[in-house]
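Written out below as structure tokens is the structure these notes cover.
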Amino acid sequence: MKANKSAVVGVGALAVAALLGLAAAAPAQTVKETLEVTRQAIESQRRVLVSGAIPLTDAEADAFWPLYDDYEKERRPLDESANQLMADFLASAASLTDAQAKAMVEKALEIDAGKLRVRQAWLGRMLKAIPPRKVARFYQIDNKLDSVVRADLAKQIPLVP
């Protein structure tokens with residue numbers, strides 16, 4: 001179990017380092033393009049990290065991975081909306097009006113609520129595919145990956161002036 005945990009942490013650290021390198025290596029890109037490149041890198045690594053962190057039998061894997069792919073397809077538009085919101089904020093941060101700030105906070109809360117709705121909607125389907133402990137582990141991993149991404153983004157986004 002410890003070896004599996006160490007492998008997941010190691011792979012996670014490598015993925016984050018690669019993602020940060022991608023973002024830093026593309027200064028000529030627009031903010032939105034950089035966010036999209038980062039999102040695509042995260043998306044490709046996310047599956048690898050999940051697969052390394054959840055030991056599935058062949059039968060469980062056959063049931064889980066199609067669900068996972070559909071789950072990610074449903075999450076993707078929310079991530080894209082979050083990227084657009086960040087790009088919009090960064091483009092207008094210096095001259096942000098009260099109305100824009102209010103609209104951006106409302107949009108951010110809407111995106112967060114959408115992510116929660118997706119997680120809630122998929123819980124029953126996941127529980128039919130794999131045992132509850134593995135579902136719990138998946139949700140933990142999913143949350144941890146989101147937390148890493150959010151922490152990285154938080155470092156890059158300035159506070160409202």
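Starting from 1 in every chain, residues are counted up; chains themselves are A, B, ... following the order of the structure tokens, and ligands are numbered from 1 as listed.
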
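Neighbours of range 55-63 of chain A closer than or equal to 9 Å, with only C-alpha atoms counted and sequence neighbours fewer than 4 positions away skipped, come out as A:Ser51, A:Leu67, A:Met126, A:Lys128, A:Ala129, A:Ile130, A:Pro131, A:Lys134.
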
Restricting the output to N, CA, C and O atoms, write the selected residues as a compact mmCIF listing (two decimals), in the first residue's frame.
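part-v5.txt written:
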```
# COMPACT_ATOMS: atom_id res chain seq x y z
N SER A 51 -5.65 5.89 -12.80
CA SER A 51 -5.43 4.46 -13.04
C SER A 51 -4.35 3.90 -12.12
O SER A 51 -4.43 2.75 -11.69
N LEU A 67 -17.39 4.80 -17.76
CA LEU A 67 -18.05 5.79 -16.90
C LEU A 67 -17.12 6.98 -16.66
O LEU A 67 -17.55 8.14 -16.71
N MET A 126 -21.23 5.29 -10.42
CA MET A 126 -19.94 4.76 -9.99
C MET A 126 -20.13 3.61 -9.00
O MET A 126 -19.42 2.60 -9.07
N LYS A 128 -22.48 1.53 -8.84
CA LYS A 128 -22.94 0.32 -9.54
C LYS A 128 -21.78 -0.37 -10.27
O LYS A 128 -21.85 -1.56 -10.55
N ALA A 129 -20.73 0.38 -10.55
CA ALA A 129 -19.62 -0.16 -11.34
C ALA A 129 -18.50 -0.74 -10.48
O ALA A 129 -17.92 -1.77 -10.83
N ILE A 130 -18.19 -0.07 -9.37
CA ILE A 130 -17.09 -0.51 -8.53
C ILE A 130 -17.50 -0.42 -7.05
O ILE A 130 -18.45 0.29 -6.72
N PRO A 131 -16.79 -1.12 -6.17
CA PRO A 131 -17.14 -1.12 -4.74
C PRO A 131 -17.06 0.29 -4.13
O PRO A 131 -16.26 1.12 -4.57
N LYS A 134 -13.71 1.91 -3.35
CA LYS A 134 -12.97 2.38 -4.54
C LYS A 134 -13.61 3.64 -5.11
O LYS A 134 -12.91 4.51 -5.63
```

- request: Please provide the set of residues having any atom within 12 Å of Leu78 in chain A, restricted to only C-alpha atoms, with same-chain residues fewer than 5 positions apart removed, written as a ChimeraX atom specification.
  value: /A:39,71-73,83-85,107-118

Take the residues from that selection and put them in a file with all heavy atoms, as a compact mmCIF listing (two decimals), in the first residue's frame.
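Output below, filename part_8.txt:
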```txt
# COMPACT_ATOMS: atom_id res chain seq x y z
N ARG A 39 -4.91 22.70 -19.43
CA ARG A 39 -6.09 21.85 -19.23
C ARG A 39 -5.93 20.52 -19.98
O ARG A 39 -6.21 19.46 -19.44
CB ARG A 39 -7.37 22.55 -19.68
CG ARG A 39 -8.62 21.73 -19.38
CD ARG A 39 -9.84 22.23 -20.11
NE ARG A 39 -9.72 22.12 -21.55
CZ ARG A 39 -9.83 20.99 -22.25
NH1 ARG A 39 -10.02 19.84 -21.64
NH2 ARG A 39 -9.72 20.97 -23.55
N TYR A 71 -17.83 10.79 -17.46
CA TYR A 71 -17.74 11.74 -16.35
C TYR A 71 -16.84 12.92 -16.74
O TYR A 71 -17.19 14.08 -16.55
CB TYR A 71 -17.21 11.00 -15.12
CG TYR A 71 -16.84 11.87 -13.94
CD1 TYR A 71 -17.81 12.30 -13.04
CD2 TYR A 71 -15.51 12.22 -13.70
CE1 TYR A 71 -17.46 13.07 -11.93
CE2 TYR A 71 -15.15 12.99 -12.61
CZ TYR A 71 -16.13 13.41 -11.73
OH TYR A 71 -15.79 14.18 -10.64
N GLU A 72 -15.69 12.61 -17.30
CA GLU A 72 -14.76 13.66 -17.71
C GLU A 72 -15.34 14.52 -18.83
O GLU A 72 -15.12 15.73 -18.86
CB GLU A 72 -13.42 13.05 -18.13
CG GLU A 72 -12.57 12.61 -16.96
CD GLU A 72 -12.19 13.75 -16.03
OE1 GLU A 72 -11.73 14.82 -16.51
OE2 GLU A 72 -12.34 13.58 -14.81
N LYS A 73 -16.08 13.91 -19.74
CA LYS A 73 -16.73 14.70 -20.81
C LYS A 73 -17.72 15.69 -20.22
O LYS A 73 -17.87 16.79 -20.74
CB LYS A 73 -17.44 13.78 -21.80
CG LYS A 73 -16.52 13.07 -22.75
CD LYS A 73 -17.29 12.16 -23.68
CE LYS A 73 -16.35 11.22 -24.39
NZ LYS A 73 -17.06 10.15 -25.09
N ASN A 83 -11.58 28.28 -17.20
CA ASN A 83 -10.45 28.86 -17.92
C ASN A 83 -10.83 30.18 -18.58
O ASN A 83 -10.07 31.14 -18.54
CB ASN A 83 -9.93 27.89 -18.99
CG ASN A 83 -9.18 26.72 -18.39
OD1 ASN A 83 -8.89 26.69 -17.21
ND2 ASN A 83 -8.89 25.74 -19.22
N GLN A 84 -12.01 30.24 -19.18
CA GLN A 84 -12.47 31.47 -19.82
C GLN A 84 -12.64 32.57 -18.79
O GLN A 84 -12.26 33.72 -19.01
CB GLN A 84 -13.77 31.23 -20.58
CG GLN A 84 -14.28 32.47 -21.31
CD GLN A 84 -13.32 32.95 -22.38
OE1 GLN A 84 -12.92 32.20 -23.25
NE2 GLN A 84 -12.91 34.21 -22.29
N LEU A 85 -13.20 32.22 -17.64
CA LEU A 85 -13.40 33.20 -16.58
C LEU A 85 -12.05 33.76 -16.12
O LEU A 85 -11.90 34.97 -15.92
CB LEU A 85 -14.15 32.56 -15.41
CG LEU A 85 -14.44 33.46 -14.22
CD1 LEU A 85 -15.31 34.65 -14.62
CD2 LEU A 85 -15.11 32.66 -13.11
N LYS A 107 -20.31 33.85 -11.62
CA LYS A 107 -19.92 32.81 -12.58
C LYS A 107 -19.04 31.76 -11.90
O LYS A 107 -19.21 30.55 -12.14
CB LYS A 107 -19.20 33.43 -13.78
CG LYS A 107 -18.82 32.46 -14.85
CD LYS A 107 -20.03 31.86 -15.53
CE LYS A 107 -19.62 30.95 -16.65
NZ LYS A 107 -20.75 30.28 -17.26
N ALA A 108 -18.11 32.18 -11.07
CA ALA A 108 -17.23 31.24 -10.38
C ALA A 108 -18.05 30.32 -9.48
O ALA A 108 -17.81 29.10 -9.44
CB ALA A 108 -16.18 31.99 -9.57
N LEU A 109 -19.02 30.88 -8.78
CA LEU A 109 -19.87 30.06 -7.91
C LEU A 109 -20.73 29.11 -8.73
O LEU A 109 -20.96 27.96 -8.33
CB LEU A 109 -20.74 30.95 -7.03
CG LEU A 109 -19.99 31.76 -5.96
CD1 LEU A 109 -20.93 32.74 -5.27
CD2 LEU A 109 -19.31 30.84 -4.97
N GLU A 110 -21.18 29.56 -9.88
CA GLU A 110 -21.97 28.70 -10.78
C GLU A 110 -21.13 27.52 -11.28
O GLU A 110 -21.60 26.39 -11.32
CB GLU A 110 -22.43 29.55 -11.97
CG GLU A 110 -23.25 28.84 -13.01
CD GLU A 110 -23.58 29.76 -14.18
OE1 GLU A 110 -24.11 30.86 -13.94
OE2 GLU A 110 -23.28 29.37 -15.34
N ILE A 111 -19.88 27.78 -11.61
CA ILE A 111 -18.97 26.71 -12.06
C ILE A 111 -18.73 25.72 -10.92
O ILE A 111 -18.80 24.50 -11.12
CB ILE A 111 -17.64 27.31 -12.58
CG1 ILE A 111 -17.89 28.07 -13.89
CG2 ILE A 111 -16.60 26.20 -12.78
CD1 ILE A 111 -16.73 28.97 -14.31
N ASP A 112 -18.46 26.23 -9.71
CA ASP A 112 -18.25 25.34 -8.56
C ASP A 112 -19.50 24.49 -8.29
O ASP A 112 -19.38 23.29 -8.02
CB ASP A 112 -17.90 26.15 -7.31
CG ASP A 112 -16.48 26.70 -7.33
OD1 ASP A 112 -15.67 26.25 -8.17
OD2 ASP A 112 -16.19 27.58 -6.50
N ALA A 113 -20.66 25.10 -8.37
CA ALA A 113 -21.91 24.36 -8.15
C ALA A 113 -22.09 23.30 -9.24
O ALA A 113 -22.54 22.18 -8.97
CB ALA A 113 -23.10 25.31 -8.13
N GLY A 114 -21.72 23.63 -10.47
CA GLY A 114 -21.81 22.67 -11.57
C GLY A 114 -20.90 21.48 -11.34
O GLY A 114 -21.30 20.33 -11.59
N LYS A 115 -19.70 21.71 -10.85
CA LYS A 115 -18.78 20.61 -10.56
C LYS A 115 -19.35 19.70 -9.47
O LYS A 115 -19.25 18.48 -9.57
CB LYS A 115 -17.40 21.14 -10.18
CG LYS A 115 -16.65 21.73 -11.36
CD LYS A 115 -15.28 22.22 -10.96
CE LYS A 115 -14.55 22.76 -12.17
NZ LYS A 115 -13.16 23.14 -11.87
N LEU A 116 -19.93 20.30 -8.46
CA LEU A 116 -20.55 19.50 -7.39
C LEU A 116 -21.73 18.70 -7.94
O LEU A 116 -21.87 17.51 -7.61
CB LEU A 116 -21.01 20.41 -6.25
CG LEU A 116 -21.68 19.71 -5.07
CD1 LEU A 116 -20.77 18.66 -4.45
CD2 LEU A 116 -22.13 20.73 -4.04
N ARG A 117 -22.55 19.32 -8.79
CA ARG A 117 -23.69 18.59 -9.39
C ARG A 117 -23.21 17.38 -10.20
O ARG A 117 -23.80 16.32 -10.14
CB ARG A 117 -24.51 19.51 -10.28
CG ARG A 117 -25.52 20.35 -9.53
CD ARG A 117 -26.50 21.04 -10.46
NE ARG A 117 -25.89 21.88 -11.48
CZ ARG A 117 -25.52 23.14 -11.29
NH1 ARG A 117 -25.70 23.73 -10.13
NH2 ARG A 117 -24.98 23.82 -12.28
N VAL A 118 -22.13 17.56 -10.95
CA VAL A 118 -21.59 16.44 -11.73
C VAL A 118 -21.14 15.32 -10.80
O VAL A 118 -21.48 14.15 -11.02
CB VAL A 118 -20.43 16.91 -12.65
CG1 VAL A 118 -19.70 15.72 -13.26
CG2 VAL A 118 -20.95 17.84 -13.75
```

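Restricting the calculation to only C-alpha atoms, the smallest distance between Asn143 in chain A and any of A:Glu106, A:Val50, A:Leu90, A:Ser95 is found for A:Val50.
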
task: Have a look at CA of Leu123 in chain A and CA of Ser81 in chain A and let me know their distance in Å, one decimal.
output: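 Separation between CA of Leu123 in chain A and CA of Ser81 in chain A: 22.8 Å.
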
message: Restricting the calculation to only C-alpha atoms: of A:Val135, A:Pro161, A:Trp122, A:Ala154, which residue gets closest to Asp70 in chain A?
response: A:Trp122

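Of the listed residues (A:Leu35, A:Ile42, A:Ala94, A:Ala53), A:Ala53 comes nearest to Ile141 in chain A; the distances count only C-alpha atoms.
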
field: Contacts of Lys144 in chain A at 12 Å (only C-alpha atoms; same-chain gap of 2+ positions) as a VMD selection string
entry: chain A and resid 8 to 9 12 46 49 to 50 53 137 to 142 146 to 151
